[in-house]
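K.L.:
This is upload_0.pdb (PDB, C-alpha atoms).
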```pdb
ATOM      1  CA  MET A   1     107.788  90.657 110.883  1.00  0.00           C
ATOM      2  CA  GLN A   2     106.795  94.328 110.934  1.00  0.00           C
ATOM      3  CA  LEU A   3     103.571  94.858 108.982  1.00  0.00           C
ATOM      4  CA  ASP A   4     102.900  98.140 107.223  1.00  0.00           C
ATOM      5  CA  ALA A   5     100.003  99.781 105.395  1.00  0.00           C
ATOM      6  CA  ASN A   6     100.824  97.846 102.207  1.00  0.00           C
ATOM      7  CA  PHE A   7     100.024  94.635 104.068  1.00  0.00           C
ATOM      8  CA  PHE A   8      96.595  95.850 105.258  1.00  0.00           C
ATOM      9  CA  LYS A   9      95.505  97.539 102.013  1.00  0.00           C
ATOM     10  CA  PRO A  10      94.588  94.275 100.204  1.00  0.00           C
ATOM     11  CA  PHE A  11      92.172  93.421 103.036  1.00  0.00           C
ATOM     12  CA  VAL A  12      90.581  96.882 102.880  1.00  0.00           C
ATOM     13  CA  ASP A  13      90.288  96.670  99.089  1.00  0.00           C
ATOM     14  CA  GLY A  14      88.964  93.107  99.305  1.00  0.00           C
ATOM     15  CA  ALA A  15      86.292  94.073 101.824  1.00  0.00           C
ATOM     16  CA  MET A  16      85.170  97.075  99.786  1.00  0.00           C
ATOM     17  CA  LYS A  17      84.937  95.015  96.581  1.00  0.00           C
ATOM     18  CA  THR A  18      83.261  92.029  98.265  1.00  0.00           C
ATOM     19  CA  PHE A  19      80.582  94.134  99.934  1.00  0.00           C
ATOM     20  CA  GLU A  20      79.852  96.130  96.815  1.00  0.00           C
ATOM     21  CA  ILE A  21      79.573  93.081  94.540  1.00  0.00           C
ATOM     22  CA  SER A  22      78.187  90.399  96.862  1.00  0.00           C
ATOM     23  CA  CYS A  23      76.081  92.460  99.284  1.00  0.00           C
ATOM     24  CA  LYS A  24      75.342  95.560  97.207  1.00  0.00           C
ATOM     25  CA  LEU A  25      76.583  97.644 100.148  1.00  0.00           C
ATOM     26  CA  LYS A  26      79.189 100.346  99.970  1.00  0.00           C
ATOM     27  CA  ALA A  27      81.749  99.603 102.698  1.00  0.00           C
ATOM     28  CA  LEU A  28      83.642 102.792 103.455  1.00  0.00           C
ATOM     29  CA  PRO A  29      86.932 102.266 105.292  1.00  0.00           C
ATOM     30  CA  GLN A  30      87.358 104.300 108.450  1.00  0.00           C
ATOM     31  CA  LYS A  31      90.588 105.171 110.248  1.00  0.00           C
ATOM     32  CA  PRO A  32      92.439 101.983 111.314  1.00  0.00           C
ATOM     33  CA  PHE A  33      93.572 101.725 114.929  1.00  0.00           C
ATOM     34  CA  LEU A  34      95.400  99.357 117.238  1.00  0.00           C
ATOM     35  CA  LYS A  35      93.137  97.188 119.346  1.00  0.00           C
ATOM     36  CA  GLY A  36      92.953  98.516 122.873  1.00  0.00           C
ATOM     37  CA  SER A  37      93.490 102.139 121.852  1.00  0.00           C
ATOM     38  CA  GLN A  38      89.714 102.680 121.528  1.00  0.00           C
ATOM     39  CA  PRO A  39      86.691 101.058 123.165  1.00  0.00           C
ATOM     40  CA  GLN A  40      86.069  97.703 121.534  1.00  0.00           C
ATOM     41  CA  PRO A  41      82.707  97.304 119.856  1.00  0.00           C
ATOM     42  CA  GLU A  42      80.635  94.239 120.630  1.00  0.00           C
ATOM     43  CA  PHE A  43      79.484  91.966 117.854  1.00  0.00           C
ATOM     44  CA  ALA A  44      77.174  88.997 117.350  1.00  0.00           C
ATOM     45  CA  ILE A  45      79.006  86.994 114.711  1.00  0.00           C
ATOM     46  CA  ALA A  46      82.526  86.714 113.374  1.00  0.00           C
ATOM     47  CA  GLY A  47      84.512  84.668 110.933  1.00  0.00           C
ATOM     48  CA  VAL A  48      88.122  83.800 111.784  1.00  0.00           C
ATOM     49  CA  ILE A  49      90.722  82.496 109.374  1.00  0.00           C
ATOM     50  CA  GLY A  50      94.338  81.588 109.984  1.00  0.00           C
ATOM     51  CA  LEU A  51      97.003  83.625 108.255  1.00  0.00           C
ATOM     52  CA  THR A  52     100.009  81.409 107.551  1.00  0.00           C
ATOM     53  CA  SER A  53     103.164  82.153 105.610  1.00  0.00           C
ATOM     54  CA  PRO A  54     106.840  81.216 105.912  1.00  0.00           C
ATOM     55  CA  LYS A  55     107.359  84.817 107.114  1.00  0.00           C
ATOM     56  CA  PHE A  56     104.575  85.075 109.735  1.00  0.00           C
ATOM     57  CA  ASN A  57     101.508  83.507 111.375  1.00  0.00           C
ATOM     58  CA  GLY A  58      98.373  85.174 112.599  1.00  0.00           C
ATOM     59  CA  ASN A  59      94.670  85.478 111.907  1.00  0.00           C
ATOM     60  CA  ILE A  60      92.025  87.628 110.304  1.00  0.00           C
ATOM     61  CA  THR A  61      88.686  88.148 112.051  1.00  0.00           C
ATOM     62  CA  LEU A  62      85.646  89.653 110.307  1.00  0.00           C
ATOM     63  CA  CYS A  63      83.257  90.968 113.013  1.00  0.00           C
ATOM     64  CA  PHE A  64      79.621  92.077 112.676  1.00  0.00           C
ATOM     65  CA  PRO A  65      76.892  93.383 114.949  1.00  0.00           C
ATOM     66  CA  ALA A  66      73.720  91.364 114.219  1.00  0.00           C
ATOM     67  CA  PRO A  67      71.835  94.123 112.307  1.00  0.00           C
ATOM     68  CA  VAL A  68      74.763  94.723 109.931  1.00  0.00           C
ATOM     69  CA  PHE A  69      75.286  91.022 109.276  1.00  0.00           C
ATOM     70  CA  LEU A  70      71.552  90.470 108.703  1.00  0.00           C
ATOM     71  CA  ALA A  71      71.387  93.407 106.275  1.00  0.00           C
ATOM     72  CA  ALA A  72      74.426  92.106 104.366  1.00  0.00           C
ATOM     73  CA  MET A  73      72.998  88.570 104.169  1.00  0.00           C
ATOM     74  CA  SER A  74      69.523  89.845 103.214  1.00  0.00           C
ATOM     75  CA  SER A  75      71.006  91.827 100.360  1.00  0.00           C
ATOM     76  CA  MET A  76      73.384  89.048  99.322  1.00  0.00           C
ATOM     77  CA  LEU A  77      70.754  86.279  99.331  1.00  0.00           C
ATOM     78  CA  GLY A  78      67.679  88.292  98.322  1.00  0.00           C
ATOM     79  CA  GLU A  79      65.625  87.421 101.416  1.00  0.00           C
ATOM     80  CA  ASP A  80      64.698  89.431 104.492  1.00  0.00           C
ATOM     81  CA  PHE A  81      66.464  87.817 107.458  1.00  0.00           C
ATOM     82  CA  LYS A  82      65.450  88.765 111.009  1.00  0.00           C
ATOM     83  CA  GLU A  83      67.753  86.492 113.032  1.00  0.00           C
ATOM     84  CA  ILE A  84      71.071  84.719 112.682  1.00  0.00           C
ATOM     85  CA  THR A  85      70.356  81.027 112.180  1.00  0.00           C
ATOM     86  CA  ASP A  86      72.692  78.039 111.938  1.00  0.00           C
ATOM     87  CA  ASP A  87      72.284  78.062 108.150  1.00  0.00           C
ATOM     88  CA  LEU A  88      72.794  81.807 107.829  1.00  0.00           C
ATOM     89  CA  GLN A  89      75.929  81.908 109.997  1.00  0.00           C
ATOM     90  CA  ASP A  90      77.920  80.306 107.178  1.00  0.00           C
ATOM     91  CA  GLY A  91      77.572  83.626 105.352  1.00  0.00           C
ATOM     92  CA  VAL A  92      80.227  85.250 107.542  1.00  0.00           C
ATOM     93  CA  ALA A  93      82.686  82.494 106.613  1.00  0.00           C
ATOM     94  CA  GLU A  94      81.848  82.945 102.932  1.00  0.00           C
ATOM     95  CA  LEU A  95      82.373  86.721 103.054  1.00  0.00           C
ATOM     96  CA  LEU A  96      85.665  86.254 104.890  1.00  0.00           C
ATOM     97  CA  ASN A  97      86.757  83.611 102.385  1.00  0.00           C
ATOM     98  CA  ILE A  98      86.132  86.009  99.492  1.00  0.00           C
ATOM     99  CA  ILE A  99      87.971  88.892 101.193  1.00  0.00           C
ATOM    100  CA  TYR A 100      90.855  86.621 102.217  1.00  0.00           C
ATOM    101  CA  GLY A 101      91.100  85.151  98.721  1.00  0.00           C
ATOM    102  CA  GLN A 102      91.352  88.588  97.107  1.00  0.00           C
ATOM    103  CA  ALA A 103      93.910  89.802  99.648  1.00  0.00           C
ATOM    104  CA  LYS A 104      95.915  86.576  99.340  1.00  0.00           C
ATOM    105  CA  VAL A 105      96.434  87.108  95.588  1.00  0.00           C
ATOM    106  CA  VAL A 106      97.889  90.577  96.184  1.00  0.00           C
ATOM    107  CA  LEU A 107      99.969  89.532  99.195  1.00  0.00           C
ATOM    108  CA  ASN A 108     101.435  86.603  97.277  1.00  0.00           C
ATOM    109  CA  GLN A 109     102.326  88.929  94.405  1.00  0.00           C
ATOM    110  CA  GLN A 110     104.243  90.922  97.041  1.00  0.00           C
ATOM    111  CA  GLY A 111     106.142  87.755  97.990  1.00  0.00           C
ATOM    112  CA  HIS A 112     104.362  86.832 101.242  1.00  0.00           C
ATOM    113  CA  ALA A 113     103.491  83.230 100.186  1.00  0.00           C
ATOM    114  CA  VAL A 114     100.234  83.195 102.192  1.00  0.00           C
ATOM    115  CA  GLU A 115      98.719  79.717 102.364  1.00  0.00           C
ATOM    116  CA  LYS A 116      95.113  78.550 101.949  1.00  0.00           C
ATOM    117  CA  ALA A 117      93.004  78.400 105.098  1.00  0.00           C
ATOM    118  CA  ILE A 118      89.504  77.415 106.221  1.00  0.00           C
ATOM    119  CA  PRO A 119      87.445  79.905 108.253  1.00  0.00           C
ATOM    120  CA  SER A 120      85.666  79.213 111.531  1.00  0.00           C
ATOM    121  CA  VAL A 121      82.550  80.973 112.823  1.00  0.00           C
ATOM    122  CA  ILE A 122      82.011  82.520 116.263  1.00  0.00           C
ATOM    123  CA  ARG A 123      78.441  83.419 117.183  1.00  0.00           C
ATOM    124  CA  GLY A 124      76.752  84.746 120.305  1.00  0.00           C
ATOM    125  CA  SER A 125      75.616  87.995 121.837  1.00  0.00           C
ATOM    126  CA  GLN A 126      77.886  90.790 122.984  1.00  0.00           C
ATOM    127  CA  ILE A 127      81.060  89.004 121.844  1.00  0.00           C
ATOM    128  CA  ARG A 128      84.456  90.644 122.150  1.00  0.00           C
ATOM    129  CA  THR A 129      87.740  89.273 120.888  1.00  0.00           C
ATOM    130  CA  THR A 130      90.915  89.252 122.932  1.00  0.00           C
ATOM    131  CA  ALA A 131      94.457  88.779 121.733  1.00  0.00           C
ATOM    132  CA  VAL A 132      96.244  85.702 123.045  1.00  0.00           C
ATOM    133  CA  SER A 133      99.672  87.101 122.283  1.00  0.00           C
ATOM    134  CA  SER A 134     101.528  90.308 122.926  1.00  0.00           C
ATOM    135  CA  THR A 135     101.438  91.107 119.201  1.00  0.00           C
ATOM    136  CA  PRO A 136      99.471  94.259 118.345  1.00  0.00           C
ATOM    137  CA  VAL A 137      96.140  93.732 116.579  1.00  0.00           C
ATOM    138  CA  MET A 138      95.205  96.154 113.803  1.00  0.00           C
ATOM    139  CA  VAL A 139      91.498  96.983 113.562  1.00  0.00           C
ATOM    140  CA  LEU A 140      90.188  98.016 110.146  1.00  0.00           C
ATOM    141  CA  PRO A 141      86.719  99.539 110.675  1.00  0.00           C
ATOM    142  CA  PHE A 142      84.170 100.016 107.894  1.00  0.00           C
ATOM    143  CA  LYS A 143      80.946 101.973 107.697  1.00  0.00           C
ATOM    144  CA  THR A 144      77.943 100.948 105.574  1.00  0.00           C
ATOM    145  CA  ASP A 145      74.383 102.222 105.273  1.00  0.00           C
ATOM    146  CA  ALA A 146      73.441  99.239 107.466  1.00  0.00           C
ATOM    147  CA  GLY A 147      75.982 100.124 110.182  1.00  0.00           C
ATOM    148  CA  GLU A 148      79.601  99.399 111.015  1.00  0.00           C
ATOM    149  CA  PHE A 149      81.683  96.232 110.971  1.00  0.00           C
ATOM    150  CA  HIS A 150      85.414  95.621 111.288  1.00  0.00           C
ATOM    151  CA  ILE A 151      88.274  93.355 110.389  1.00  0.00           C
ATOM    152  CA  GLU A 152      90.963  92.526 112.942  1.00  0.00           C
ATOM    153  CA  ILE A 153      94.416  91.432 111.746  1.00  0.00           C
ATOM    154  CA  CYS A 154      96.915  89.872 114.114  1.00  0.00           C
ATOM    155  CA  SER A 155     100.312  88.658 112.927  1.00  0.00           C
ATOM    156  CA  GLU A 156     103.227  87.259 114.888  1.00  0.00           C
TER     157      GLU A 156
END
```
With the file now loaded, output its structure as structure tokens.
P.N.:
Amino acid sequence: MQLDANFFKPFVDGAMKTFEISCKLKALPQKPFLKGSQPQPEFAIAGVIGLTSPKFNGNITLCFPAPVFLAAMSSMLGEDFKEITDDLQDGVAELLNIIYGQAKVVLNQQGHAVEKAIPSVIRGSQIRTTAVSSTPVMVLPFKTDAGEFHIEICSE
């Protein structure tokens, strides 16, 4: 299935709304690009959720450098966090769940029949994602006052 801008827009809108409401951060979308066409940023934590529909399969990955994630969680939870802990790491899954849920409503209104999914968390230092298929991966970067983060969307 060929994905177009209308497919990605609900994820951009969902991220902007989620960060403004939940984290009190303005997430400004930057120019999307195909993974591999620019140097890949490293990150410290990511949430991954499967994207399943009768029309396609893939995944969505929400990636953060540690300072951006900590700022988002500090704002969201009203505490000043200095490190990513086991308890705090669930925050990336929660943010991704909210974004995915908002995008899913719009995509299903467009007839995509996207199914429910449960996110997983990846955590470490200097993490990079790699595609396990030949399908292009769209990177949707965002800029906040706390720094940049991005969403990767892969669909087969």
K.L.:
Leaving out region 142-150 of chain A and any residue of its chain fewer than 5 positions from it, which residues lie within 7 Å of it when counting only C-alpha atoms, given as a list in words?
P.N.:
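Close residues of region 142-150 of chain A: Leu25, Lys26, Ala27, Leu28, Pro29, Gln30, Leu62, Cys63, Phe64, Pro65, Val68 and Ala71 of chain A.
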K.L.:
Taking all atoms listed in the file into account, name the residue in A:Thr18, A:Gln40, A:Ser53, A:Ser125 that is nearest to Leu107 (chain A).
P.N.:
A:Ser53
K.L.:
What does the structure give for the distance between CA of Leu77 (chain A) and CA of Phe8 (chain A), in Å to one decimal?
P.N.:
28.2 Å
K.L.:
Given the choices A:Asn97, A:Ser22, A:Pro141, A:Asp86, which gets closest to Ala72 (chain A) if the distance is worked out from all atoms listed in the file?
P.N.:
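Using all atoms listed in the file, Ala72 (chain A) sits closest to A:Ser22.
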K.L.:
For the point (85.6, 85.6, 99.8) in the file's frame, write as a PyMOL selection string all residues with an atom no more than 10 Å away, counting only C-alpha atoms.
P.N.:
chain A and resi 14-15+17-19+22+91-103
K.L.:
Could you save the residues just selected, with C-alpha atoms, as a tab-separated table (two decimals), in the frame of the given file?
P.N.:
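Saved file again-v3.tsv follows:
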```tsv
chain	number	residue	atom	x	y	z
A	14	GLY	CA	88.96	93.11	99.30
A	15	ALA	CA	86.29	94.07	101.82
A	17	LYS	CA	84.94	95.02	96.58
A	18	THR	CA	83.26	92.03	98.26
A	19	PHE	CA	80.58	94.13	99.93
A	22	SER	CA	78.19	90.40	96.86
A	91	GLY	CA	77.57	83.63	105.35
A	92	VAL	CA	80.23	85.25	107.54
A	93	ALA	CA	82.69	82.49	106.61
A	94	GLU	CA	81.85	82.94	102.93
A	95	LEU	CA	82.37	86.72	103.05
A	96	LEU	CA	85.66	86.25	104.89
A	97	ASN	CA	86.76	83.61	102.38
A	98	ILE	CA	86.13	86.01	99.49
A	99	ILE	CA	87.97	88.89	101.19
A	100	TYR	CA	90.86	86.62	102.22
A	101	GLY	CA	91.10	85.15	98.72
A	102	GLN	CA	91.35	88.59	97.11
A	103	ALA	CA	93.91	89.80	99.65
```
K.L.:
So, counting only C-alpha atoms, which residue among A:Thr52, A:Ser37, A:Gln109, A:Gln89 is closest to Gly124 (chain A)?
P.N.:
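Residue with the minimum atom-to-atom distance to Gly124 (chain A): A:Gln89.
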K.L.:
Is there a way to get, as a list in words, all residues within 7 Å of the point (93.6, 91.6, 109.5) in file coordinates, counting only C-alpha atoms?
P.N.:
Phe8, Phe11, Asn59, Ile60, Thr61, Met138, Ile151, Glu152, Ile153 and Cys154 of chain A
K.L.:
Any chance you could resolve the PyMOL selection byres ((chain A and resi 155) around 6) against this file and give the residues as a ChimeraX atom specification?
P.N.:
/A:57-58,154,156
K.L.:
Which neighbours of Pro54 (chain A) fall inside 8 Å, counting all atoms listed in the file, when residues of the same chain fewer than 6 positions from it are skipped, and could you give them as a list in words?
P.N.:
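With the cut-off at 8 Å, the set is His112, Ala113 and Val114 of chain A.
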K.L.:
What is the distance between CA of Pro136 (chain A) and CA of Leu34 (chain A), in Å to one decimal?
P.N.:
6.6 Å
K.L.:
What is the distance, in Å and to one decimal place, between CA of Gly78 (chain A) and CA of Ile122 (chain A)?
P.N.:
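These two atoms are separated by 23.7 Å.
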K.L.:
Taking only C-alpha atoms into account, name the residue in A:Met76, A:Asn108, A:Val137, A:Phe69 that is nearest to Ala46 (chain A).
P.N.:
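Closest candidate: A:Phe69.
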